[in-house]
Each structure stands twice: as structure tokens, then as C-alpha cells.
$ cat entry38.txt   # compact mmCIF, C-alpha atoms (C1' of nucleotides)
# COMPACT_ATOMS: atom_id res chain seq x y z
CA MET A 8 85.22 85.56 87.38
CA THR A 9 88.84 84.63 86.77
CA LYS A 10 90.11 88.19 86.41
CA HIS A 11 88.78 89.07 89.85
CA TYR A 12 90.24 85.88 91.32
CA ILE A 13 93.67 86.81 89.98
CA LEU A 14 93.39 90.38 91.24
CA GLN A 15 92.37 89.35 94.75
CA HIS A 16 95.36 87.06 95.14
CA ALA A 17 97.72 89.53 93.46
CA VAL A 18 96.92 92.01 96.23
CA ASP A 19 98.32 89.61 98.81
CA GLU A 20 101.29 88.64 96.67
CA PHE A 21 102.38 92.22 95.97
CA ALA A 22 101.88 93.08 99.64
CA HIS A 23 104.13 90.21 100.66
CA PHE A 24 106.94 90.48 98.12
CA GLY A 25 106.75 93.98 96.67
CA TYR A 26 106.66 94.81 92.97
CA GLU A 27 110.19 93.65 92.13
CA GLY A 28 109.90 90.58 94.34
CA PHE A 29 106.64 89.51 92.69
CA SER A 30 107.23 86.61 90.30
CA THR A 31 104.61 85.76 87.70
CA ASN A 32 105.94 82.22 87.65
CA LYS A 33 105.56 81.60 91.36
CA PHE A 34 102.34 83.55 91.56
CA SER A 35 100.66 81.54 88.80
CA GLN A 36 101.68 78.29 90.50
CA LYS A 37 100.47 79.52 93.87
CA ILE A 38 97.00 80.41 92.62
CA GLU A 39 96.94 77.31 90.41
CA LEU A 40 96.38 79.10 87.15
CA ASN A 41 98.54 79.00 84.07
CA LYS A 42 100.87 81.92 83.63
CA ALA A 43 99.52 82.58 80.14
CA THR A 44 96.03 82.90 81.59
CA ILE A 45 97.20 85.77 83.76
CA TYR A 46 98.69 87.46 80.71
CA TYR A 47 95.40 86.98 78.92
CA HIS A 48 93.58 89.02 81.61
CA PHE A 49 96.32 91.55 82.33
CA LYS A 50 98.61 93.12 79.76
CA ASP A 51 101.74 92.72 81.87
CA LYS A 52 103.01 92.73 85.46
CA LYS A 53 102.96 96.51 85.63
CA ASN A 54 99.32 96.63 84.55
CA LEU A 55 98.38 94.02 87.17
CA TYR A 56 100.09 96.10 89.82
CA GLN A 57 98.30 99.27 88.74
CA GLU A 58 94.97 97.45 89.00
CA VAL A 59 95.94 96.34 92.50
CA LEU A 60 96.67 99.94 93.49
CA LEU A 61 93.33 101.03 92.04
CA TYR A 62 91.49 98.26 93.88
CA LEU A 63 93.04 99.25 97.20
CA SER A 64 92.15 102.92 96.85
CA GLU A 65 88.51 102.31 95.89
CA ASN A 66 85.82 104.12 97.86
CA ASN A 67 88.30 105.88 100.11
CA THR A 68 87.89 109.27 98.51
CA ASP A 69 84.11 108.79 98.43
CA GLY A 70 83.92 108.54 102.23
CA VAL A 71 85.96 111.69 102.72
CA THR A 72 83.82 113.58 100.24
CA ARG A 73 80.70 112.55 102.12
CA LEU A 74 82.36 113.65 105.35
CA MET A 75 83.19 117.06 103.91
CA GLY A 76 79.54 117.70 103.06
CA SER A 77 78.32 116.88 106.56
CA GLU A 78 77.30 119.37 109.27
CA MET A 79 80.05 118.39 111.73
CA ASN A 80 82.51 120.91 113.10
CA SER A 81 86.15 120.65 112.03
CA ARG A 82 87.22 118.66 115.09
CA ARG A 83 84.66 115.97 114.26
CA LYS A 84 85.63 116.07 110.62
CA LEU A 85 89.29 115.45 111.47
CA GLU A 86 88.23 112.60 113.76
CA GLY A 87 86.14 111.23 110.90
CA TYR A 88 88.98 111.63 108.40
CA ILE A 89 91.31 109.57 110.60
CA ARG A 90 88.59 107.00 111.28
CA LEU A 91 87.99 106.56 107.54
CA TYR A 92 91.71 106.09 106.98
CA VAL A 93 91.88 103.47 109.71
CA GLN A 94 88.82 101.72 108.31
CA SER A 95 90.37 101.53 104.85
CA ILE A 96 93.34 99.68 106.33
CA LYS A 97 91.04 97.40 108.32
CA LYS A 98 89.34 96.49 105.07
CA HIS A 99 92.60 96.09 103.15
CA PRO A 100 95.61 95.66 105.44
CA GLN A 101 97.72 95.20 102.30
CA ILE A 102 97.61 98.99 101.98
CA VAL A 103 100.27 99.16 104.69
CA PRO A 104 103.20 97.34 103.06
CA ILE A 105 102.24 98.42 99.53
CA GLY A 106 101.78 102.04 100.61
CA LEU A 107 105.05 102.11 102.54
CA ARG A 108 106.94 100.83 99.50
CA GLU A 109 105.26 103.38 97.25
CA THR A 110 106.31 106.09 99.69
CA ALA A 111 109.84 104.67 99.64
CA ASN A 112 109.88 104.94 95.84
CA TYR A 113 109.20 108.66 96.07
CA GLY A 114 106.13 108.29 93.87
CA SER A 115 108.05 107.10 90.81
CA GLY A 116 105.44 104.44 90.11
CA ILE A 117 102.47 106.77 90.51
CA ASP A 118 100.59 107.67 87.35
CA ASP A 119 98.61 110.87 86.69
CA ILE A 120 95.24 109.49 87.80
CA PHE A 121 96.69 108.53 91.15
CA ALA A 122 98.53 111.80 91.59
CA ARG A 123 95.24 113.65 91.10
CA GLU A 124 93.49 111.49 93.71
CA ILE A 125 96.27 112.25 96.18
CA ALA A 126 96.01 115.97 95.44
CA ARG A 127 92.26 115.91 96.03
CA ASP A 128 92.66 114.10 99.34
CA MET A 129 95.23 116.67 100.39
CA GLU A 130 92.88 119.54 99.50
CA GLN A 131 90.11 118.00 101.56
CA LEU A 132 92.41 117.62 104.57
CA GLU A 133 93.57 121.20 104.04
CA THR A 134 89.95 122.37 104.23
CA ILE A 135 89.36 120.48 107.45
CA ILE A 136 92.49 121.94 109.04
CA ALA A 137 91.55 125.45 107.97
CA GLY A 138 88.42 125.12 110.08
CA LEU A 139 90.25 124.09 113.25
CA PRO A 140 90.91 126.58 116.07
CA LEU A 141 94.69 126.23 115.71
CA LYS A 142 97.10 127.55 118.30
CA ALA A 143 99.25 130.36 116.87
CA LYS A 144 102.45 128.29 116.73
CA TYR A 145 100.76 125.64 114.59
CA LYS A 146 99.35 127.97 111.97
CA LYS A 147 102.48 127.54 109.83
CA TYR A 148 101.79 123.83 109.39
CA LYS A 149 99.67 122.65 106.47
CA ALA A 150 98.03 119.45 105.30
CA HIS A 151 101.32 117.79 104.35
CA GLU A 152 102.60 117.64 107.92
CA ILE A 153 99.25 116.37 109.24
CA LYS A 154 98.95 113.82 106.43
CA ALA A 155 102.46 112.54 107.12
CA PHE A 156 101.56 112.30 110.80
CA ILE A 157 98.38 110.32 110.22
CA SER A 158 99.44 107.93 107.47
CA GLY A 159 103.05 107.61 108.64
CA THR A 160 102.21 106.84 112.23
CA VAL A 161 99.34 104.45 111.54
CA LYS A 162 101.23 102.45 108.91
CA THR A 163 104.47 102.34 110.88
CA TYR A 164 102.73 101.27 114.09
CA TYR A 165 100.71 98.59 112.32
CA ALA A 166 103.85 97.27 110.60
CA MET A 167 105.75 97.29 113.92
CA GLN A 168 103.04 95.25 115.56
CA ARG A 169 103.14 92.76 112.68
CA SER A 170 106.94 92.69 112.70
CA SER A 171 109.07 89.84 113.98
CA ALA A 172 111.64 92.35 115.27
CA PHE A 173 109.27 93.50 118.02
CA GLN A 174 107.50 91.53 120.66
CA LYS A 175 104.26 90.65 119.00
CA SER A 176 101.27 91.61 121.06
CA GLN A 177 99.20 89.19 118.98
CA ARG A 178 96.31 91.60 119.02
CA ALA A 179 93.87 91.51 116.13
CA ASP A 180 94.22 93.98 113.28
CA GLY A 181 91.12 95.90 114.27
CA GLU A 182 92.29 96.40 117.83
CA ILE A 183 95.77 97.56 116.76
CA LEU A 184 94.33 100.02 114.25
CA ASP A 185 91.69 101.46 116.58
CA HIS A 186 94.36 101.90 119.22
CA ILE A 187 96.78 103.87 117.04
CA GLY A 188 93.89 105.74 115.43
CA SER A 189 92.82 107.03 118.85
CA PHE A 190 96.38 107.99 119.68
CA VAL A 191 96.78 109.99 116.48
CA THR A 192 93.39 111.69 116.89
CA ASP A 193 93.97 112.64 120.54
CA CYS A 194 97.52 113.75 119.92
CA LEU A 195 96.61 115.92 116.95
CA LEU A 196 93.63 117.63 118.54
CA ASP A 197 95.27 118.12 121.95
CA ALA A 198 98.44 119.57 120.49
CA LEU A 199 97.15 121.73 117.66
CA CYS A 200 93.83 123.14 118.90
CA GLU A 201 93.06 125.81 121.45
CA ASP A 202 91.47 124.32 124.57
CA LYS A 203 87.77 123.72 124.10
CA GLY A 204 87.81 126.10 121.19
CA GLU A 205 85.30 126.43 118.35
CA MET B 10 139.82 101.22 99.56
CA THR B 11 137.71 99.35 97.05
CA LYS B 12 135.44 97.70 99.59
CA HIS B 13 134.46 101.07 101.00
CA TYR B 14 133.96 102.46 97.48
CA ILE B 15 131.55 99.62 96.70
CA LEU B 16 129.69 100.04 99.98
CA GLN B 17 129.24 103.79 99.56
CA HIS B 18 127.68 103.38 96.14
CA ALA B 19 125.64 100.37 97.19
CA VAL B 20 123.90 102.55 99.77
CA ASP B 21 122.56 104.79 96.99
CA GLU B 22 121.69 101.86 94.73
CA PHE B 23 119.70 99.99 97.37
CA ALA B 24 117.99 103.23 98.39
CA HIS B 25 116.94 103.82 94.80
CA PHE B 26 115.88 100.34 93.71
CA GLY B 27 115.26 98.35 96.88
CA TYR B 28 116.76 94.95 97.63
CA GLU B 29 114.91 93.01 94.94
CA GLY B 30 115.34 95.79 92.39
CA PHE B 31 119.08 95.94 92.99
CA SER B 32 120.95 94.25 90.13
CA THR B 33 124.57 93.25 90.66
CA ASN B 34 125.06 93.41 86.89
CA LYS B 35 123.84 96.97 86.50
CA PHE B 36 125.43 98.08 89.74
CA SER B 37 128.89 96.82 88.77
CA GLN B 38 128.64 98.60 85.41
CA LYS B 39 127.44 101.81 87.07
CA ILE B 40 130.36 101.98 89.48
CA GLU B 41 132.76 100.74 86.77
CA LEU B 42 133.99 97.73 88.63
CA ASN B 43 133.83 94.13 87.53
CA LYS B 44 131.03 92.10 89.04
CA ALA B 45 133.49 89.47 90.25
CA THR B 46 135.37 92.15 92.17
CA ILE B 47 132.23 92.91 94.12
CA TYR B 48 131.86 89.23 94.92
CA TYR B 49 135.46 89.16 96.06
CA HIS B 50 134.73 91.82 98.70
CA PHE B 51 131.24 90.72 99.64
CA LYS B 52 130.03 87.14 99.93
CA ASP B 53 126.77 87.76 98.13
CA LYS B 54 124.06 90.34 97.53
CA LYS B 55 122.44 89.68 100.89
CA ASN B 56 125.73 90.25 102.71
CA LEU B 57 126.30 93.53 100.84
CA TYR B 58 122.83 94.66 101.88
CA GLN B 59 123.41 93.75 105.52
CA GLU B 60 126.63 95.79 105.48
CA VAL B 61 124.67 98.71 104.05
CA LEU B 62 122.13 98.46 106.87
CA LEU B 63 124.94 98.33 109.41
CA TYR B 64 126.65 101.35 107.86
CA LEU B 65 123.43 103.38 107.98
CA SER B 66 122.78 102.60 111.64
CA GLU B 67 126.31 103.42 112.84
CA ASN B 68 126.71 105.85 115.72
CA ASN B 69 122.98 106.37 116.11
CA THR B 70 122.66 104.34 119.28
CA ASP B 71 125.83 105.93 120.64
CA GLY B 72 124.29 109.40 120.53
CA VAL B 73 121.16 108.25 122.32
CA THR B 74 123.21 106.52 125.00
CA ARG B 75 125.17 109.74 125.59
CA LEU B 76 121.87 111.60 125.79
CA MET B 77 120.52 109.19 128.39
CA GLY B 78 123.47 109.82 130.67
CA SER B 79 123.10 113.59 130.57
CA GLU B 80 121.56 115.80 133.25
CA MET B 81 118.69 117.04 131.10
CA ASN B 82 115.09 116.63 132.15
CA SER B 83 112.87 114.27 130.18
CA ARG B 84 111.41 116.95 127.95
CA ARG B 85 114.90 117.94 126.81
CA LYS B 86 115.83 114.32 126.40
CA LEU B 87 112.85 113.69 124.12
CA GLU B 88 113.76 116.79 122.13
CA GLY B 89 117.30 115.46 121.91
CA TYR B 90 116.12 112.00 120.87
CA ILE B 91 114.14 113.45 117.99
CA ARG B 92 116.99 115.77 117.01
CA LEU B 93 119.40 112.84 116.90
CA TYR B 94 116.98 110.92 114.71
CA VAL B 95 116.64 113.85 112.33
CA GLN B 96 120.40 114.29 112.24
CA SER B 97 120.94 110.65 111.32
CA ILE B 98 118.69 111.15 108.28
CA LYS B 99 120.46 114.39 107.37
CA LYS B 100 123.71 112.47 107.36
CA HIS B 101 122.26 109.50 105.45
CA PRO B 102 119.01 110.35 103.65
CA GLN B 103 119.06 106.81 102.23
CA ILE B 104 117.73 105.71 105.62
CA VAL B 105 114.31 106.93 104.52
CA PRO B 106 113.56 104.69 101.51
CA ILE B 107 115.53 101.76 102.91
CA GLY B 108 113.88 102.07 106.31
CA LEU B 109 110.40 102.37 104.83
CA ARG B 110 110.91 99.20 102.79
CA GLU B 111 112.22 97.35 105.82
CA THR B 112 109.12 98.42 107.71
CA ALA B 113 107.00 97.24 104.78
CA ASN B 114 108.67 93.82 104.99
CA TYR B 115 107.54 93.43 108.59
CA GLY B 116 111.12 92.87 109.71
CA SER B 117 111.57 89.66 107.75
CA GLY B 118 115.05 90.74 106.63
CA ILE B 119 116.19 91.79 110.09
CA ASP B 120 118.79 89.58 111.75
CA ASP B 121 119.30 89.10 115.49
CA ILE B 122 121.97 91.78 115.90
CA PHE B 123 119.68 94.34 114.39
CA ALA B 124 116.67 93.22 116.38
CA ARG B 125 118.66 93.73 119.56
CA GLU B 126 119.68 97.25 118.50
CA ILE B 127 116.04 98.08 117.88
CA ALA B 128 115.04 96.67 121.25
CA ARG B 129 117.69 98.76 122.99
CA ASP B 130 116.56 101.92 121.23
CA MET B 131 113.01 101.18 122.30
CA GLU B 132 114.05 100.70 125.92
CA GLN B 133 115.86 104.03 125.92
CA LEU B 134 112.82 105.80 124.51
CA GLU B 135 110.69 104.02 127.10
CA THR B 136 112.92 105.43 129.86
CA ILE B 137 112.61 108.95 128.50
CA ILE B 138 108.83 108.70 128.30
CA ALA B 139 108.61 107.32 131.83
CA GLY B 140 110.17 110.56 133.07
CA LEU B 141 107.67 112.80 131.29
CA PRO B 142 104.79 114.42 133.18
CA LEU B 143 102.17 112.63 131.08
CA LYS B 144 98.52 113.61 131.11
CA ALA B 145 96.38 110.82 132.55
CA LYS B 146 94.80 109.86 129.22
CA TYR B 147 98.25 109.28 127.65
CA LYS B 148 99.60 107.00 130.37
CA LYS B 149 98.38 103.94 128.48
CA TYR B 150 100.67 104.71 125.53
CA LYS B 151 104.19 103.31 125.50
CA ALA B 152 107.35 103.70 123.44
CA HIS B 153 105.91 101.87 120.41
CA GLU B 154 103.31 104.52 119.69
CA ILE B 155 105.80 107.37 120.19
CA LYS B 156 108.42 105.62 118.07
CA ALA B 157 105.91 105.06 115.27
CA PHE B 158 104.95 108.74 115.51
CA ILE B 159 108.52 110.00 115.29
CA SER B 160 109.99 107.69 112.65
CA GLY B 161 106.76 107.29 110.67
CA THR B 162 106.02 110.99 110.41
CA VAL B 163 109.57 112.12 109.66
CA LYS B 164 110.18 109.49 107.00
CA THR B 165 106.78 109.92 105.38
CA TYR B 166 107.05 113.70 105.29
CA TYR B 167 110.57 113.60 103.87
CA ALA B 168 109.50 111.10 101.21
CA MET B 169 106.43 113.20 100.34
CA GLN B 170 108.62 116.25 99.85
CA ARG B 171 110.92 114.26 97.60
CA SER B 172 108.02 112.70 95.72
CA SER B 173 106.94 113.60 92.21
CA ALA B 174 103.29 113.07 93.21
CA PHE B 175 103.33 116.20 95.37
CA GLN B 176 104.25 119.74 94.48
CA LYS B 177 107.92 119.84 95.24
CA SER B 178 108.88 122.68 97.52
CA GLN B 179 112.47 122.26 96.38
CA ARG B 180 113.69 122.94 99.89
CA ALA B 181 117.00 121.44 100.92
CA ASP B 182 117.06 118.21 102.91
CA GLY B 183 118.20 119.93 106.09
CA GLU B 184 115.38 122.45 105.99
CA ILE B 185 112.72 119.79 105.36
CA LEU B 186 114.00 117.61 108.18
CA ASP B 187 114.34 120.42 110.72
CA HIS B 188 110.83 121.52 109.86
CA ILE B 189 109.18 118.15 110.42
CA GLY B 190 111.42 117.51 113.43
CA SER B 191 110.10 120.65 115.10
CA PHE B 192 106.54 119.68 114.27
CA VAL B 193 106.92 116.24 115.81
CA THR B 194 108.64 117.60 118.91
CA ASP B 195 106.08 120.36 119.50
CA CYS B 196 103.16 118.08 118.78
CA LEU B 197 104.36 115.34 121.12
CA LEU B 198 105.22 117.58 124.06
CA ASP B 199 102.13 119.78 123.74
CA ALA B 200 99.76 116.83 123.48
CA LEU B 201 101.21 114.39 125.98
CA CYS B 202 102.61 116.51 128.80
CA GLU B 203 100.89 118.44 131.55
CA ASP B 204 101.30 122.18 131.04
CA LYS B 205 104.64 123.45 132.30
CA GLY B 206 105.01 120.31 134.33
CA GLU B 207 108.17 118.79 135.75
C1' DG C 7 89.41 81.42 77.95
C1' DT C 8 92.91 78.19 79.36
C1' DC C 9 96.50 75.41 78.32
C1' DT C 10 101.70 73.57 76.55
C1' DA C 11 105.81 74.92 74.99
C1' DT C 12 109.17 78.08 74.19
C1' DA C 13 111.66 82.56 73.14
C1' DT C 14 114.69 85.86 75.00
C1' DA C 15 116.80 88.31 78.39
C1' DA C 16 118.56 89.12 82.94
C1' DC C 17 119.59 87.30 87.21
C1' DG C 18 123.10 85.88 91.09
C1' DA C 19 127.20 83.69 91.47
C1' DT C 20 131.84 81.39 90.41
C1' DA C 21 136.14 79.26 88.12
C1' DG C 22 140.34 80.44 86.76
C1' DA C 23 143.78 83.60 84.20
C1' DC C 24 146.66 87.40 85.34
C1' DG D 18 142.86 92.16 94.00
C1' DT D 19 140.77 92.60 89.51
C1' DC D 20 139.67 90.79 85.38
C1' DT D 21 137.25 87.50 81.30
C1' DA D 22 134.22 84.09 80.48
C1' DT D 23 130.64 81.34 81.63
C1' DC D 24 127.46 78.43 84.45
C1' DG D 25 122.81 77.35 85.92
C1' DT D 26 118.59 79.44 87.09
C1' DT D 27 114.90 82.34 86.86
C1' DA D 28 112.60 86.20 84.98
C1' DT D 29 108.84 88.37 81.89
C1' DA D 30 106.34 87.52 78.09
C1' DT D 31 104.23 85.25 73.90
C1' DA D 32 102.88 81.93 69.94
C1' DG D 33 99.80 78.71 68.94
C1' DA D 34 97.00 74.28 70.07
C1' DC D 35 92.61 73.21 72.06

$ encode --input "entry38.txt" --output "C-alpha cells"
Amino acid sequence: MTKHYILQHAVDEFAHFGYEGFSTNKFSQKIELNKATIYYHFKDKKNLYQEVLLYLSENNTDGVTRLMGSEMNSRRKLEGYIRLYVQSIKKHPQIVPIGLRETANYGSGIDDIFAREIARDMEQLETIIAGLPLKAKYKKYKAHEIKAFISGTVKTYYAMQRSSAFQKSQRADGEILDHIGSFVTDCLLDALCEDKGE
Amino acid sequence: MTKHYILQHAVDEFAHFGYEGFSTNKFSQKIELNKATIYYHFKDKKNLYQEVLLYLSENNTDGVTRLMGSEMNSRRKLEGYIRLYVQSIKKHPQIVPIGLRETANYGSGIDDIFAREIARDMEQLETIIAGLPLKAKYKKYKAHEIKAFISGTVKTYYAMQRSSAFQKSQRADGEILDHIGSFVTDCLLDALCEDKGE
DNA sequence: GTCTATATAACGATAGAC
DNA sequence: GTCTATCGTTATATAGAC
């Protein structure tokens, strides 16, 4: 299906150049399809980008919802939450640059549907945290700080490892992401939770 | 001085729209200066952007260097390192969106001078970490993970608080940044270091 | 559903008057 | 040092043939 073909390649193109840097001219040439064909399948550039965002966020919330319904304790649920996040980036590494740019735009390009998905994700993380045996000094922190820790650290580390400004370790994506995922999980649990609590 | 006037406003414009989204036409109208005047003071758009990056990174490395030469123990030095980072964003909040987009670009727009500054910063952080009484399980982590934690979490949290997609707390910049700075500091020291070590 | 051809606007950048 | 005027290019988007 042509529409799917366009979408798949648009994910890479937006990840590489960003929304403003994305050119329909160059993109159509690169994927060897006429520009008008793209406009037949997608209303405009903005619509194509929104579909890309939707495609990248698919099934993420489902996994977390399944996790919430499980019998695990809160420590395991937080581990699972981070693992699901890492897995989503393994599946679609384009989430990293696209997500970082969205963060940089202070959510100006986020529509209502997306805002609601974000709110739901934040509520689920909030629930997990509420079940943790938090040390007293960490009780003032909520889901926002933890979310910023997880997504900020994982994306930044992945981008650093892919960056030309740092010595490239040339490790595979999966290895890099598992590594930083473990760091975030260990760091969070060791810092925030009472020893061997729960 | 006109050149400084242009630069000051360019910082805001690039922070708002990104490099590709920055229009010399609109920018010149906004600051009520002729477009040709801008091109008299700056060779081209790329040069203006590089000067913006340079302006935003001024004096940051100096503070860290001063910190390194002090008599503090490594815990205090790490606290100081994070505080200096937070202060640099307080002084120039535009670092957040611009920095996030640079990270998203995997360092493709970073020239050699900048790459060397980054490398030096990383070495200094490495030295601080080497002096910490790390728990055995954290000895495998280096400056890259810690750097990603600090800069990723602070920037992401600040952007989230400024974002329309989240409930805005309407706190002032300084308050937001001190808050997340404390979180990062506490979290890092509590997780990584042996209790009351050193 | 995919193409050719084109409309219209904005882009970055510069020549030259003052 | 700042302006007017304009160049050449590229951008997003569409009308209409097939």
C-alpha cells in the first residue's frame, strides 16, 4: 500500500531533518514517488507529520495498561514501565530525535488527542510511584520529575551515543538502550526507595 | 551596538523556531532592522546561529574549572557541577530548546571548537565521578551516563513545565530549576554513593 | 491512483545608493 | 552602517491529463 510506504519513509525523514527541515520536494524524490501522489494520500505536510507521531506512539500505552493490571509489586511495575519505554525506542529509534524536538517546542505542535495520551501515561506512572516505599525526602516528588528522569536520560544518552561530537562506542542500539535503561532503573530504585522495603 | 542587539534577539528567535524555522525575513521585521543590515554584521544565517551557540555557552566552562580547583570533596563538587548547570539555564533559558534540538540532530551542527568544549566538560565530570565513593554496581558507569542524567532530566523537566501539554504550575523559572536540580543531586548521590562515605 | 506542469509565496543572500 | 530593490532558488500546494 502506497500510503503506508510513504508513512514509513516519512518517519525517517522527519527524524533526520525535523518538521521545518522536511522538504516535500526532496522527500518525494528520495522515495521515488511524485510529490502530487503524496498530497493525494496526505492532506498536507502537517497532516503527514501528525500521522508519523501517531504511528510512533502506537501500542505504547497498551503495554503500560497491561502492566498496571498485573500482580507485580510497585518496584517491578516501575522496572516494567522503564523496560517498555526502552523497548518502544528499540522498535522505533526515530522517537528519540522527534521526541526531543517536540519537547524543545514546548508542546506547541501537540494536539488534544496527544495531550490526553500524555496525561494518561502520567497518571499511570503516578499510580506506580504511589505504591513505592519512598524515603521521606522523596515524597514531595511526583510523576513529572520521574518521567523527566526516565525519558530525558534515555533519549539524551542514546542521542549522545549516536552523536559525532562524542567518541562513538559503535555499540548496537539495543545494547545502548538496555545499558541506559538499567542505569535509570537502578538509580531510581536505589535512590528513592527504602532499603528492601515493601 | 547593533551587532549585539541582533544577537540578543536572535537567541530568542532561534529558541522559539529552531534553526530551520528561523526566517531572516520575519526576524528582521520583528526586530525592526533591515535584512541587509543583519547580513552586514553576520556572514549568513549559519554564522549567526554559531554566534548564538557561543554566546549561550560563555562562562560555563570557566565556572566548572574554578570548581575543579577548589578544596571541596567530590560530593560537593558534583553538587556544584549540577548547580552551575542549573544556573547557566537560569541565566539563559534558551539553552533548553536550543540544546534539545542540537541533541536531536546528533551533533551534526557542532563544529570542532564546540566538540572540544564538550569533551573538556566531560573530562571534568569524569574526574569528579572518579573521586566519589561509588557503590560496586555503579563502577561500570562513566561520565556519559551521569551527564545524560543531569542535562537530560533538567532540560526535559523544564520543558515539560513550560509545555502546554501539561498542567502548567506557573512557577517561576528559578523555582522550577532549583527544584529539579535538587532532585537530580539527591537522586545521584543517594543512588551511586556508599552511605556517608568519603 | 499517479503523473506533468504550474501557481504562488517565502526563502537566503547580495548589489549598490546613501 | 543602514537602507531599497532585487536576484535566484526553493518551498508548499494544486489543477488537470491519463

$ interface_residues --input "entry38.txt" --of "chain C" --to "chain B" --cutoff "9 Å" --atoms "all atoms listed in the file" --output "list of chain:residue names"
C:DA16, C:DC17, C:DG18, C:DA19, C:DT20

$ write_last_selection --input "entry38.txt" --atoms "C-alpha atoms (C1' of nucleotides)" --output "PDB file, keeping the file's coordinate frame"
ATOM      1  C1'  DA C  16     118.560  89.120  82.940  1.00  0.00           C
ATOM      2  C1'  DC C  17     119.590  87.300  87.210  1.00  0.00           C
ATOM      3  C1'  DG C  18     123.100  85.880  91.090  1.00  0.00           C
ATOM      4  C1'  DA C  19     127.200  83.690  91.470  1.00  0.00           C
ATOM      5  C1'  DT C  20     131.840  81.390  90.410  1.00  0.00           C
TER       6       DT C  20
END

$ closest_atom_pairs --input "entry38.txt" --of "chain D" --to "chain B" --cutoff "8 Å" --atoms "only C-alpha atoms (C1' of nucleotides)" --output "CSV"
residue,atom,partner,partner_atom,distance
D:DG18,C1',B:Thr46,CA,7.7
D:DT19,C1',B:Thr46,CA,6.0
D:DC20,C1',B:Asn43,CA,7.1

$ interface_residues --input "entry38.txt" --of "chain A" --to "chain B" --cutoff "6 Å" --atoms "all atoms listed in the file" --output "MDAnalysis selection string"
chainID A and resid 27:28 104 107:108 111 113:114 122 155:156 159:160 163:164 166 170:172 194 197:198

$ atom_distance --input "entry38.txt" --atom1 "CA of Thr72 (chain A)" --atom2 "CA of Ala17 (chain A)"
28.6 Å

$ residues_around --input "entry38.txt" --residues "Ile137 (chain B)" --least-positions-apart "5" --cutoff "7 Å" --atoms "only C-alpha atoms (C1' of nucleotides)" --output "ChimeraX atom specification"
/B:83,86-87

$ atom_distance --input "entry38.txt" --atom1 "C1' of DC24 (chain C)" --atom2 "CA of Ile40 (chain B)"
22.3 Å

$ atom_distance --input "entry38.txt" --atom1 "CA of Tyr94 (chain B)" --atom2 "CA of Ile122 (chain B)"
19.8 Å

$ residues_near_point --input "entry38.txt" --point "(112.1, 81.8, 77.8)" --cutoff "10 Å" --atoms "only C-alpha atoms (C1' of nucleotides)" --output "list in words"
DA11, DT12, DA13, DT14 and DA15 of chain C; DT27, DA28, DT29, DA30 and DT31 of chain D

$ residues_around --input "entry38.txt" --residues "region 88-92 of chain B" --least-positions-apart "4" --cutoff "8 Å" --atoms "all atoms listed in the file" --output "compact mmCIF listing (two decimals) with C-alpha atoms, in the frame of the given file"
# COMPACT_ATOMS: atom_id res chain seq x y z
CA VAL B 73 121.16 108.25 122.32
CA LEU B 76 121.87 111.60 125.79
CA ARG B 84 111.41 116.95 127.95
CA GLN B 96 120.40 114.29 112.24
CA LEU B 134 112.82 105.80 124.51
CA ILE B 159 108.52 110.00 115.29
CA GLY B 190 111.42 117.51 113.43
CA THR B 194 108.64 117.60 118.91

$ residues_near_point --input "entry38.txt" --point "(93.5, 105.8, 99.2)" --cutoff "9 Å" --atoms "only C-alpha atoms (C1' of nucleotides)" --output "count of residues only"
14
